[in-house]
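Q: Would you mind keeping the following structure in view while I ask a few things?
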Amino acid sequence: MGFVILDLFLVLTIIFLLLVLSMIWPPDSPWAPWWRTGDRQIRESLKLAKVTKKDTVYELGSGDGRFLIIAAKEFGARGVGIEIDPLRAFISTLMIYIIRLQDKIIIKKKNFFDVDISKATVVFVYLVPKALARLLPKFKKELKKGTRIVSYRYEINLPLKKYDKENNIRLYVL
Ligand SMILES: C[S@@+](CC[C@H](N)C(=O)[O-])C[C@H]1O[C@@H](n2cnc3c(N)ncnc32)[C@H](O)[C@@H]1O
């Protein structure tokens, strides 16, 4: 019995350390899945894109879902999150049900390259440059003219509309 408890303790310690390390590793490392946008940057992104209740915000790689939750609660927007990681897709879906936003936000546990994003009026991304470069043809093919794209931290190869240097947020309009 003592060994079982010790084993369990060791496993939990390793999981905890991995979680902490995943927040420290740079975001373009495959070991850094838990990089998240801060709440302030989320609100500033939504303001920069002038999001309103008329918008449908797509978040590509929606993580824990906070961006879409704030977009729905504070800006009235509808949200579609696409998240490949089952754990994060599950946690965000659960949160959305707990705070009863399921009529406004859906989370798709999918690869965003396989999802049609043409209904978006606003797209939010916090993704590494390699993924953004791969997404560019999809943006150009599927998104309507006038769709706003907000990128936290990394540039997209599109004409820049606005840049919030302090928060490292870029706005592009197709
Ligand atoms: C840097 S995190 C950002 C999370 C969240 N958007 C935020 O700003 O807090 C990138 C997220 O994209 C997800 N992701 C990466 N590639 C993806 C893909 N091809 N399809 C769907 N999600 C993906 C990762 O699992 C991770 O949750």
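In the structure tokens, the first chain shown is A, the next is B, and so on; residue numbers restart at 1 for each chain, and ligands run from 1 in the order shown.
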Give one line per residue of range 72-119 of chain A that approaches range 39-58 of chain A to at most 9 Å, naming the two atoms of the closest pair and their distance in Å to one decimal, counting only C-alpha atoms; sort by chain then ascending residue number and deliver it as CSV.
A:
residue,atom,partner,partner_atom,distance
A:Ala72,CA,A:Lys53,CA,7.9
A:Glu74,CA,A:Arg43,CA,8.8
A:Phe75,CA,A:Thr52,CA,5.4
A:Gly76,CA,A:Lys53,CA,4.2
A:Ala77,CA,A:Lys53,CA,4.3
A:Arg78,CA,A:Thr56,CA,4.7
A:Gly79,CA,A:Val57,CA,4.7
A:Val80,CA,A:Tyr58,CA,4.8
A:Gly81,CA,A:Tyr58,CA,5.8
A:Ile82,CA,A:Tyr58,CA,7.7
A:Ile117,CA,A:Tyr58,CA,7.3
A:Lys119,CA,A:Thr56,CA,7.3
Q: For ligand 1, collect every residue having any atom at a distance of at most 7 Å from a ligand atom (counting only C-alpha atoms and all ligand atoms); output as a list of chain:residue names.
A: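 Those residues are A:Pro27, A:Pro33, A:Trp34, A:Trp35, A:Arg36, A:Thr37, A:Glu59, A:Leu60, A:Gly61, A:Ser62, A:Gly63, A:Asp64, A:Gly65, A:Arg66, A:Phe67, A:Ile82, A:Glu83, A:Ile84, A:Asp85, A:Arg88, A:Lys110, A:Asn111, A:Phe112, A:Phe113, A:Val125, A:Tyr126, A:Leu127.
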Q: Emit the selected residues as a CSV table (one decimal), in the first residue's frame, including C-alpha atoms.
A:
chain,number,residue,atom,x,y,z
A,27,PRO,CA,5.9,28.7,-27.3
A,33,PRO,CA,1.4,23.4,-25.0
A,34,TRP,CA,0.1,25.6,-22.2
A,35,TRP,CA,1.1,29.0,-23.4
A,36,ARG,CA,-2.0,31.2,-23.1
A,37,THR,CA,-3.0,34.8,-23.9
A,59,GLU,CA,-10.3,31.1,-32.4
A,60,LEU,CA,-7.9,28.7,-34.1
A,61,GLY,CA,-6.3,26.7,-31.3
A,62,SER,CA,-8.8,27.8,-28.6
A,63,GLY,CA,-6.9,26.3,-25.7
A,64,ASP,CA,-8.8,26.7,-22.4
A,65,GLY,CA,-11.5,28.8,-24.1
A,66,ARG,CA,-11.0,32.1,-22.1
A,67,PHE,CA,-10.8,34.2,-25.3
A,82,ILE,CA,-11.2,24.8,-32.7
A,83,GLU,CA,-8.8,22.9,-30.5
A,84,ILE,CA,-6.9,19.8,-31.4
A,85,ASP,CA,-5.9,18.8,-27.9
A,88,ARG,CA,-8.2,21.4,-23.6
A,110,LYS,CA,-10.5,19.2,-34.5
A,111,ASN,CA,-7.5,20.2,-36.5
A,112,PHE,CA,-8.2,23.8,-37.7
A,113,PHE,CA,-6.8,23.0,-41.2
A,125,VAL,CA,-4.8,33.3,-33.3
A,126,TYR,CA,-2.0,32.8,-30.9
A,127,LEU,CA,0.1,30.4,-32.9
Q: Pick the closest to Leu101 in chain A from A:Ala71, A:Val11, A:Ala120, A:Val115: which is it, counting only C-alpha atoms?
A: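 Selected residue with least distance to Leu101 in chain A: A:Ala71.
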Q: Could you pull out the alpha helix (DSSP H) residues of chain A, going by DSSP on the backbone, and write them as JSON, numbers by chain?
A: {"A": [2, 3, 4, 5, 6, 7, 8, 9, 10, 11, 12, 13, 14, 15, 16, 17, 18, 19, 20, 21, 22, 23, 24, 39, 40, 41, 42, 43, 44, 45, 46, 47, 48, 66, 67, 68, 69, 70, 71, 72, 73, 74, 75, 86, 87, 88, 89, 90, 91, 92, 93, 94, 95, 96, 97, 98, 129, 130, 131, 132, 133, 134, 135, 136, 137, 138, 139, 140, 141, 142]}
Q: As a PyMOL selection string, which residues of chain A does DSSP assign to strand (DSSP E or B)?
A: chain A and resi 56-60+78-82+105-108+122-125+148-152+160-164+169-173
Q: Any chance you can output those residues with N, CA, C and O atoms as a CSV table (one decimal), in the first residue's frame?
A:
chain,number,residue,atom,x,y,z
A,56,THR,N,-19.0,36.9,-35.2
A,56,THR,CA,-18.8,35.5,-34.9
A,56,THR,C,-17.3,35.3,-34.9
A,56,THR,O,-16.6,35.5,-36.0
A,57,VAL,N,-16.8,35.1,-33.7
A,57,VAL,CA,-15.3,35.0,-33.6
A,57,VAL,C,-14.8,33.6,-33.6
A,57,VAL,O,-15.3,32.7,-32.9
A,58,TYR,N,-13.9,33.3,-34.5
A,58,TYR,CA,-13.3,32.0,-34.6
A,58,TYR,C,-11.9,32.0,-33.9
A,58,TYR,O,-11.1,32.9,-34.2
A,59,GLU,N,-11.7,31.1,-33.0
A,59,GLU,CA,-10.3,31.1,-32.4
A,59,GLU,C,-9.7,29.8,-32.8
A,59,GLU,O,-10.2,28.7,-32.6
A,60,LEU,N,-8.6,29.9,-33.6
A,60,LEU,CA,-7.9,28.7,-34.1
A,60,LEU,C,-6.9,28.3,-33.1
A,60,LEU,O,-5.9,29.0,-32.9
A,78,ARG,N,-20.7,35.8,-30.7
A,78,ARG,CA,-20.7,34.3,-30.8
A,78,ARG,C,-19.3,33.8,-31.0
A,78,ARG,O,-18.5,34.5,-31.6
A,79,GLY,N,-19.1,32.6,-30.6
A,79,GLY,CA,-17.7,32.0,-30.8
A,79,GLY,C,-17.7,30.6,-31.2
A,79,GLY,O,-18.5,29.8,-30.9
A,80,VAL,N,-16.6,30.3,-32.0
A,80,VAL,CA,-16.3,29.0,-32.4
A,80,VAL,C,-14.9,28.7,-32.1
A,80,VAL,O,-14.0,29.5,-32.7
A,81,GLY,N,-14.6,27.8,-31.3
A,81,GLY,CA,-13.2,27.4,-31.0
A,81,GLY,C,-12.8,26.1,-31.6
A,81,GLY,O,-13.6,25.2,-31.6
A,82,ILE,N,-11.7,26.1,-32.1
A,82,ILE,CA,-11.2,24.8,-32.7
A,82,ILE,C,-9.9,24.4,-32.0
A,82,ILE,O,-8.9,25.2,-32.0
A,105,ILE,N,-21.2,29.7,-27.7
A,105,ILE,CA,-19.9,29.3,-28.0
A,105,ILE,C,-19.9,27.8,-28.3
A,105,ILE,O,-20.5,27.0,-27.5
A,106,ILE,N,-19.3,27.3,-29.4
A,106,ILE,CA,-19.1,25.9,-29.5
A,106,ILE,C,-17.6,25.6,-29.7
A,106,ILE,O,-16.9,26.4,-30.3
A,107,ILE,N,-17.2,24.5,-29.1
A,107,ILE,CA,-15.8,24.1,-29.3
A,107,ILE,C,-15.7,22.9,-30.1
A,107,ILE,O,-16.5,21.9,-29.9
A,108,LYS,N,-14.9,22.9,-31.2
A,108,LYS,CA,-14.8,21.7,-32.1
A,108,LYS,C,-13.4,21.1,-31.8
A,108,LYS,O,-12.4,21.8,-31.9
A,122,VAL,N,-14.5,37.6,-37.4
A,122,VAL,CA,-13.2,37.9,-36.7
A,122,VAL,C,-12.5,36.5,-36.4
A,122,VAL,O,-13.2,35.5,-36.0
A,123,VAL,N,-11.2,36.5,-36.6
A,123,VAL,CA,-10.4,35.3,-36.3
A,123,VAL,C,-9.3,35.7,-35.3
A,123,VAL,O,-8.7,36.7,-35.5
A,124,PHE,N,-9.2,34.9,-34.3
A,124,PHE,CA,-8.1,35.2,-33.3
A,124,PHE,C,-7.1,34.0,-33.3
A,124,PHE,O,-7.5,32.8,-33.3
A,125,VAL,N,-5.8,34.4,-33.4
A,125,VAL,CA,-4.8,33.3,-33.3
A,125,VAL,C,-3.7,33.7,-32.4
A,125,VAL,O,-3.3,34.8,-32.3
A,148,ARG,N,-11.8,40.5,-39.9
A,148,ARG,CA,-10.6,40.9,-39.1
A,148,ARG,C,-9.9,39.7,-38.5
A,148,ARG,O,-10.5,38.8,-38.1
A,149,ILE,N,-8.5,39.8,-38.6
A,149,ILE,CA,-7.7,38.7,-38.0
A,149,ILE,C,-6.8,39.4,-37.0
A,149,ILE,O,-6.2,40.4,-37.2
A,150,VAL,N,-6.9,38.8,-35.8
A,150,VAL,CA,-6.1,39.4,-34.7
A,150,VAL,C,-5.1,38.3,-34.3
A,150,VAL,O,-5.4,37.1,-34.1
A,151,SER,N,-3.8,38.7,-34.3
A,151,SER,CA,-2.7,37.7,-33.9
A,151,SER,C,-2.0,38.3,-32.7
A,151,SER,O,-1.5,39.4,-32.7
A,152,TYR,N,-1.9,37.4,-31.7
A,152,TYR,CA,-1.2,37.8,-30.5
A,152,TYR,C,0.3,37.3,-30.7
A,152,TYR,O,0.5,36.1,-31.1
A,160,LEU,N,-0.6,45.1,-42.5
A,160,LEU,CA,-1.0,45.4,-41.1
A,160,LEU,C,-1.9,46.6,-41.0
A,160,LEU,O,-1.7,47.6,-41.6
A,161,LYS,N,-3.0,46.4,-40.3
A,161,LYS,CA,-4.0,47.5,-40.1
A,161,LYS,C,-3.7,48.3,-38.8
A,161,LYS,O,-3.6,49.5,-38.9
A,162,LYS,N,-3.5,47.6,-37.7
A,162,LYS,CA,-3.2,48.3,-36.5
A,162,LYS,C,-2.2,47.4,-35.7
A,162,LYS,O,-2.3,46.2,-35.7
A,163,TYR,N,-1.4,48.1,-34.9
A,163,TYR,CA,-0.4,47.3,-34.0
A,163,TYR,C,-0.4,47.9,-32.6
A,163,TYR,O,-0.1,49.1,-32.4
A,164,ASP,N,-0.8,47.1,-31.7
A,164,ASP,CA,-0.7,47.5,-30.3
A,164,ASP,C,0.6,46.9,-29.7
A,164,ASP,O,0.7,45.7,-29.4
A,169,ILE,N,-0.1,42.9,-30.0
A,169,ILE,CA,-1.3,42.4,-30.8
A,169,ILE,C,-1.3,43.1,-32.1
A,169,ILE,O,-1.2,44.3,-32.2
A,170,ARG,N,-1.6,42.3,-33.2
A,170,ARG,CA,-1.6,42.9,-34.5
A,170,ARG,C,-3.0,42.6,-35.1
A,170,ARG,O,-3.6,41.5,-35.0
A,171,LEU,N,-3.5,43.7,-35.8
A,171,LEU,CA,-4.8,43.5,-36.4
A,171,LEU,C,-4.6,43.6,-38.0
A,171,LEU,O,-4.0,44.5,-38.5
A,172,TYR,N,-5.2,42.6,-38.6
A,172,TYR,CA,-5.2,42.6,-40.1
A,172,TYR,C,-6.6,42.6,-40.6
A,172,TYR,O,-7.5,42.0,-39.9
A,173,VAL,N,-6.9,43.2,-41.7
A,173,VAL,CA,-8.2,43.1,-42.3
A,173,VAL,C,-8.1,42.6,-43.7
A,173,VAL,O,-7.3,43.2,-44.5
Q: So the first atom is CA of Leu135 in chain A and the second is CA of Leu68 in chain A; what is the distance between them in Å, to one decimal place?
A: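 Distance between the two atoms: 20.1 Å.
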Q: So how many Å separate CA of Gly146 in chain A and CA of Leu158 in chain A, to one decimal?
A: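 Between CA of Gly146 in chain A and CA of Leu158 in chain A the gap is 13.0 Å.
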Q: Pick from A:Ile69, A:Leu10, A:Leu143, A:Ile5: nearest to Gln102 in chain A, with only C-alpha atoms counted?
A: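 So, comparing all the options, the nearest one is A:Ile69.
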Q: Separation of CA of Pro159 in chain A and CA of Leu132 in chain A, in Å?
A: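 Result for CA of Pro159 in chain A versus CA of Leu132 in chain A: 14.2 Å, one decimal.
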